Amino acid sequence: EAVQLYDFAGQGVPVVLDFGTEFCKPCRALAAFLATNDQDELIWNDEGEYYPWWDERYADLYRMVEEEELYWMTILFSTSETGPGPEVCEAWDEAYPNPNVPCLVDSTNQFSQWMQIASWPSISVVNDEMKLEVYENSGPFSAFRWLFPSE
């Protein structure tokens, strides 16, 4: 089903744009966390360390998504000339089920190219008027800091 970003406008909450690829291990780890609420999904090495971009104070992210305090959408794209097909989202949704996190494909790679995505996961945030609050083309750091400001 074709959707536009503006389909998510006017809901009174931020919209998180999580750009990733199907082969990206950190992207899959974040999707697994959003499906299970298990922070252990975000451990990236044998020493039990979390991904460098993850902080335990972000643990509330799962609740925020579940209670619709923000809309999280995963946008899968490809590093090849052609983008992924809908079967990629179907497999993603099966592997990381969360009805509050739609998986979209950038089937032409135009959106990810326009956003100049350089590494993944790359997370940006737009407000409910679709104005960019946080733009990040290379990682989730800025978006997480915006979502969870230091006290």
# chains A, B, ... in the order shown; residues from 1 in each chain; ligands from 1
$ residues_around --residues "Ala9 (chain A)" --least-positions-apart "3" --cutoff "6 Å" --atoms "only C-alpha atoms" --output "PyMOL selection string"
chain A and resi 6+128-129
$ residues_around --residues "region 102-109 of chain A" --least-positions-apart "2" --cutoff "6 Å" --atoms "only C-alpha atoms" --output "VMD selection string"
chain A and resid 73 to 77 82 to 85 89 111 to 112
$ select_by_dssp --residues "region 41-80 of chain A" --states "helix (DSSP H, G or I)" --output "tab-separated table (two decimals) with N, CA, C and O atoms, in the first residue's frame"
chain	number	residue	atom	x	y	z
A	41	GLU	N	18.62	-6.73	23.29
A	41	GLU	CA	18.68	-6.75	21.83
A	41	GLU	C	19.71	-5.74	21.31
A	41	GLU	O	20.19	-5.85	20.20
A	42	LEU	N	20.03	-4.75	22.14
A	42	LEU	CA	20.92	-3.65	21.73
A	42	LEU	C	22.37	-3.86	22.17
A	42	LEU	O	23.19	-2.96	22.06
A	56	GLU	N	20.91	3.93	28.43
A	56	GLU	CA	19.80	3.32	29.17
A	56	GLU	C	18.66	4.29	29.41
A	56	GLU	O	17.52	3.86	29.59
A	57	ARG	N	18.94	5.58	29.39
A	57	ARG	CA	17.84	6.54	29.60
A	57	ARG	C	16.88	6.56	28.42
A	57	ARG	O	15.79	7.11	28.51
A	58	TYR	N	17.24	5.90	27.32
A	58	TYR	CA	16.36	5.80	26.16
A	58	TYR	C	15.38	4.62	26.27
A	58	TYR	O	14.58	4.40	25.38
A	59	ALA	N	15.47	3.87	27.35
A	59	ALA	CA	14.63	2.68	27.51
A	59	ALA	C	13.14	3.00	27.42
A	59	ALA	O	12.34	2.15	27.07
A	60	ASP	N	12.76	4.24	27.72
A	60	ASP	CA	11.36	4.64	27.67
A	60	ASP	C	10.84	4.75	26.24
A	60	ASP	O	9.65	4.94	26.02
A	61	LEU	N	11.71	4.61	25.28
A	61	LEU	CA	11.33	4.71	23.88
A	61	LEU	C	10.23	3.71	23.51
A	61	LEU	O	9.26	4.06	22.85
A	62	TYR	N	10.37	2.49	23.98
A	62	TYR	CA	9.36	1.47	23.68
A	62	TYR	C	7.98	1.92	24.18
A	62	TYR	O	7.00	1.85	23.45
A	63	ARG	N	7.91	2.38	25.42
A	63	ARG	CA	6.64	2.84	25.99
A	63	ARG	C	6.08	4.01	25.19
A	63	ARG	O	4.88	4.06	24.91
A	64	MET	N	6.94	4.94	24.81
A	64	MET	CA	6.50	6.11	24.05
A	64	MET	C	5.86	5.69	22.72
A	64	MET	O	4.85	6.26	22.30
A	65	VAL	N	6.44	4.70	22.07
A	65	VAL	CA	5.89	4.19	20.82
A	65	VAL	C	4.57	3.48	21.08
A	65	VAL	O	3.58	3.71	20.39
A	66	GLU	N	4.54	2.64	22.10
A	66	GLU	CA	3.33	1.88	22.40
A	66	GLU	C	2.17	2.79	22.80
A	66	GLU	O	1.02	2.52	22.47
$ closest_residue --among "A:Gly48, A:Pro121, A:Gln4, A:Leu70" --to "Arg28 (chain A)" --atoms "only C-alpha atoms"
A:Pro121
$ atom_distance --atom1 "CA of Asp55 (chain A)" --atom2 "CA of Gln113 (chain A)"
28.6 Å
$ closest_residue --among "A:Trp114, A:Phe33, A:Trp53, A:Phe8" --to "Tyr71 (chain A)" --atoms "only C-alpha atoms"
A:Phe8
$ residues_around --residues "Asn127 (chain A)" --least-positions-apart "4" --cutoff "7 Å" --atoms "only C-alpha atoms" --output "PyMOL selection string"
chain A and resi 13-15+131-133
$ select_by_dssp --residues "region 96-151 of chain A" --states "strand (DSSP E)" --output "PyMOL selection string"
chain A and resi 103-105+122-126+132-134
$ closest_residue --among "A:Asn37, A:Thr21, A:Asn45, A:Asn98" --to "Ala118 (chain A)" --atoms "only C-alpha atoms"
A:Thr21
$ residues_around --residues "Ala143 (chain A)" --least-positions-apart "5" --cutoff "8 Å" --atoms "only C-alpha atoms" --output "PyMOL selection string"
chain A and resi 123-125+134-136
$ closest_residue --among "A:Val3, A:Leu17, A:Ala91, A:Ala35" --to "Asn137 (chain A)" --atoms "only C-alpha atoms"
A:Leu17
$ atom_distance --atom1 "CA of Phe141 (chain A)" --atom2 "CA of Trp54 (chain A)"
8.3 Å
$ closest_residue --among "A:Cys27, A:Ile117, A:Leu147, A:Val126" --to "Trp92 (chain A)" --atoms "only C-alpha atoms"
A:Cys27
$ decode --residues "region 73-102 of chain A" --atoms "N, CA and C atoms" --output "PDB file, in the first residue's frame"
ATOM      1  N   MET A  73       8.508   5.252  12.416  1.00  0.00           N
ATOM      2  CA  MET A  73       8.386   4.493  11.188  1.00  0.00           C
ATOM      3  C   MET A  73       9.770   4.099  10.699  1.00  0.00           C
ATOM      4  N   THR A  74       9.870   2.849  10.312  1.00  0.00           N
ATOM      5  CA  THR A  74      11.103   2.325   9.749  1.00  0.00           C
ATOM      6  C   THR A  74      10.992   2.431   8.237  1.00  0.00           C
ATOM      7  N   ILE A  75      11.993   3.054   7.632  1.00  0.00           N
ATOM      8  CA  ILE A  75      12.018   3.238   6.187  1.00  0.00           C
ATOM      9  C   ILE A  75      13.235   2.484   5.648  1.00  0.00           C
ATOM     10  N   LEU A  76      12.975   1.387   4.978  1.00  0.00           N
ATOM     11  CA  LEU A  76      14.062   0.576   4.438  1.00  0.00           C
ATOM     12  C   LEU A  76      14.385   1.025   3.022  1.00  0.00           C
ATOM     13  N   PHE A  77      15.671   1.159   2.783  1.00  0.00           N
ATOM     14  CA  PHE A  77      16.148   1.535   1.458  1.00  0.00           C
ATOM     15  C   PHE A  77      17.274   0.596   1.085  1.00  0.00           C
ATOM     16  N   SER A  78      17.860   0.809  -0.068  1.00  0.00           N
ATOM     17  CA  SER A  78      18.913  -0.068  -0.540  1.00  0.00           C
ATOM     18  C   SER A  78      20.139   0.753  -0.916  1.00  0.00           C
ATOM     19  N   THR A  79      21.282   0.127  -0.813  1.00  0.00           N
ATOM     20  CA  THR A  79      22.509   0.795  -1.243  1.00  0.00           C
ATOM     21  C   THR A  79      22.788   0.526  -2.723  1.00  0.00           C
ATOM     22  N   SER A  80      21.938  -0.271  -3.347  1.00  0.00           N
ATOM     23  CA  SER A  80      22.087  -0.506  -4.786  1.00  0.00           C
ATOM     24  C   SER A  80      21.253   0.534  -5.542  1.00  0.00           C
ATOM     25  N   GLU A  81      21.292   0.470  -6.856  1.00  0.00           N
ATOM     26  CA  GLU A  81      20.569   1.451  -7.664  1.00  0.00           C
ATOM     27  C   GLU A  81      19.061   1.369  -7.487  1.00  0.00           C
ATOM     28  N   THR A  82      18.558   0.165  -7.317  1.00  0.00           N
ATOM     29  CA  THR A  82      17.113   0.009  -7.129  1.00  0.00           C
ATOM     30  C   THR A  82      16.818  -0.236  -5.655  1.00  0.00           C
ATOM     31  N   GLY A  83      15.692   0.263  -5.231  1.00  0.00           N
ATOM     32  CA  GLY A  83      15.303   0.104  -3.838  1.00  0.00           C
ATOM     33  C   GLY A  83      14.692  -1.263  -3.578  1.00  0.00           C
ATOM     34  N   PRO A  84      14.427  -1.546  -2.311  1.00  0.00           N
ATOM     35  CA  PRO A  84      13.830  -2.836  -1.958  1.00  0.00           C
ATOM     36  C   PRO A  84      12.363  -2.890  -2.366  1.00  0.00           C
ATOM     37  N   GLY A  85      11.862  -4.099  -2.472  1.00  0.00           N
ATOM     38  CA  GLY A  85      10.454  -4.295  -2.795  1.00  0.00           C
ATOM     39  C   GLY A  85       9.634  -4.534  -1.539  1.00  0.00           C
ATOM     40  N   PRO A  86       8.332  -4.639  -1.684  1.00  0.00           N
ATOM     41  CA  PRO A  86       7.452  -4.819  -0.527  1.00  0.00           C
ATOM     42  C   PRO A  86       7.722  -6.096   0.254  1.00  0.00           C
ATOM     43  N   GLU A  87       8.286  -7.101  -0.394  1.00  0.00           N
ATOM     44  CA  GLU A  87       8.586  -8.345   0.317  1.00  0.00           C
ATOM     45  C   GLU A  87       9.603  -8.124   1.439  1.00  0.00           C
ATOM     46  N   VAL A  88      10.443  -7.104   1.291  1.00  0.00           N
ATOM     47  CA  VAL A  88      11.429  -6.791   2.336  1.00  0.00           C
ATOM     48  C   VAL A  88      10.712  -6.313   3.596  1.00  0.00           C
ATOM     49  N   CYS A  89       9.710  -5.472   3.436  1.00  0.00           N
ATOM     50  CA  CYS A  89       8.929  -5.011   4.598  1.00  0.00           C
ATOM     51  C   CYS A  89       8.133  -6.147   5.216  1.00  0.00           C
ATOM     52  N   GLU A  90       7.592  -7.005   4.386  1.00  0.00           N
ATOM     53  CA  GLU A  90       6.842  -8.145   4.920  1.00  0.00           C
ATOM     54  C   GLU A  90       7.736  -9.011   5.788  1.00  0.00           C
ATOM     55  N   ALA A  91       8.952  -9.279   5.325  1.00  0.00           N
ATOM     56  CA  ALA A  91       9.896 -10.078   6.112  1.00  0.00           C
ATOM     57  C   ALA A  91      10.313  -9.325   7.381  1.00  0.00           C
ATOM     58  N   TRP A  92      10.508  -8.014   7.270  1.00  0.00           N
ATOM     59  CA  TRP A  92      10.887  -7.189   8.427  1.00  0.00           C
ATOM     60  C   TRP A  92       9.780  -7.227   9.483  1.00  0.00           C
ATOM     61  N   ASP A  93       8.541  -7.026   9.046  1.00  0.00           N
ATOM     62  CA  ASP A  93       7.414  -7.050   9.980  1.00  0.00           C
ATOM     63  C   ASP A  93       7.247  -8.409  10.634  1.00  0.00           C
ATOM     64  N   GLU A  94       7.551  -9.444   9.905  1.00  0.00           N
ATOM     65  CA  GLU A  94       7.468 -10.793  10.480  1.00  0.00           C
ATOM     66  C   GLU A  94       8.572 -11.010  11.512  1.00  0.00           C
ATOM     67  N   ALA A  95       9.760 -10.514  11.234  1.00  0.00           N
ATOM     68  CA  ALA A  95      10.887 -10.684  12.149  1.00  0.00           C
ATOM     69  C   ALA A  95      10.790  -9.766  13.367  1.00  0.00           C
ATOM     70  N   TYR A  96      10.236  -8.561  13.184  1.00  0.00           N
ATOM     71  CA  TYR A  96      10.192  -7.547  14.251  1.00  0.00           C
ATOM     72  C   TYR A  96       8.779  -6.984  14.367  1.00  0.00           C
ATOM     73  N   PRO A  97       7.836  -7.815  14.801  1.00  0.00           N
ATOM     74  CA  PRO A  97       6.439  -7.358  14.807  1.00  0.00           C
ATOM     75  C   PRO A  97       6.155  -6.291  15.863  1.00  0.00           C
ATOM     76  N   ASN A  98       5.604  -5.189  15.424  1.00  0.00           N
ATOM     77  CA  ASN A  98       5.079  -4.155  16.304  1.00  0.00           C
ATOM     78  C   ASN A  98       4.060  -3.363  15.481  1.00  0.00           C
ATOM     79  N   PRO A  99       2.786  -3.504  15.806  1.00  0.00           N
ATOM     80  CA  PRO A  99       1.770  -2.824  15.000  1.00  0.00           C
ATOM     81  C   PRO A  99       1.872  -1.296  15.050  1.00  0.00           C
ATOM     82  N   ASN A 100       2.631  -0.763  16.002  1.00  0.00           N
ATOM     83  CA  ASN A 100       2.805   0.685  16.115  1.00  0.00           C
ATOM     84  C   ASN A 100       4.025   1.192  15.357  1.00  0.00           C
ATOM     85  N   VAL A 101       4.739   0.308  14.692  1.00  0.00           N
ATOM     86  CA  VAL A 101       5.922   0.706  13.928  1.00  0.00           C
ATOM     87  C   VAL A 101       5.753   0.227  12.492  1.00  0.00           C
ATOM     88  N   PRO A 102       5.200   1.083  11.645  1.00  0.00           N
ATOM     89  CA  PRO A 102       5.069   0.661  10.244  1.00  0.00           C
ATOM     90  C   PRO A 102       6.427   0.583   9.563  1.00  0.00           C
TER      91      PRO A 102
END
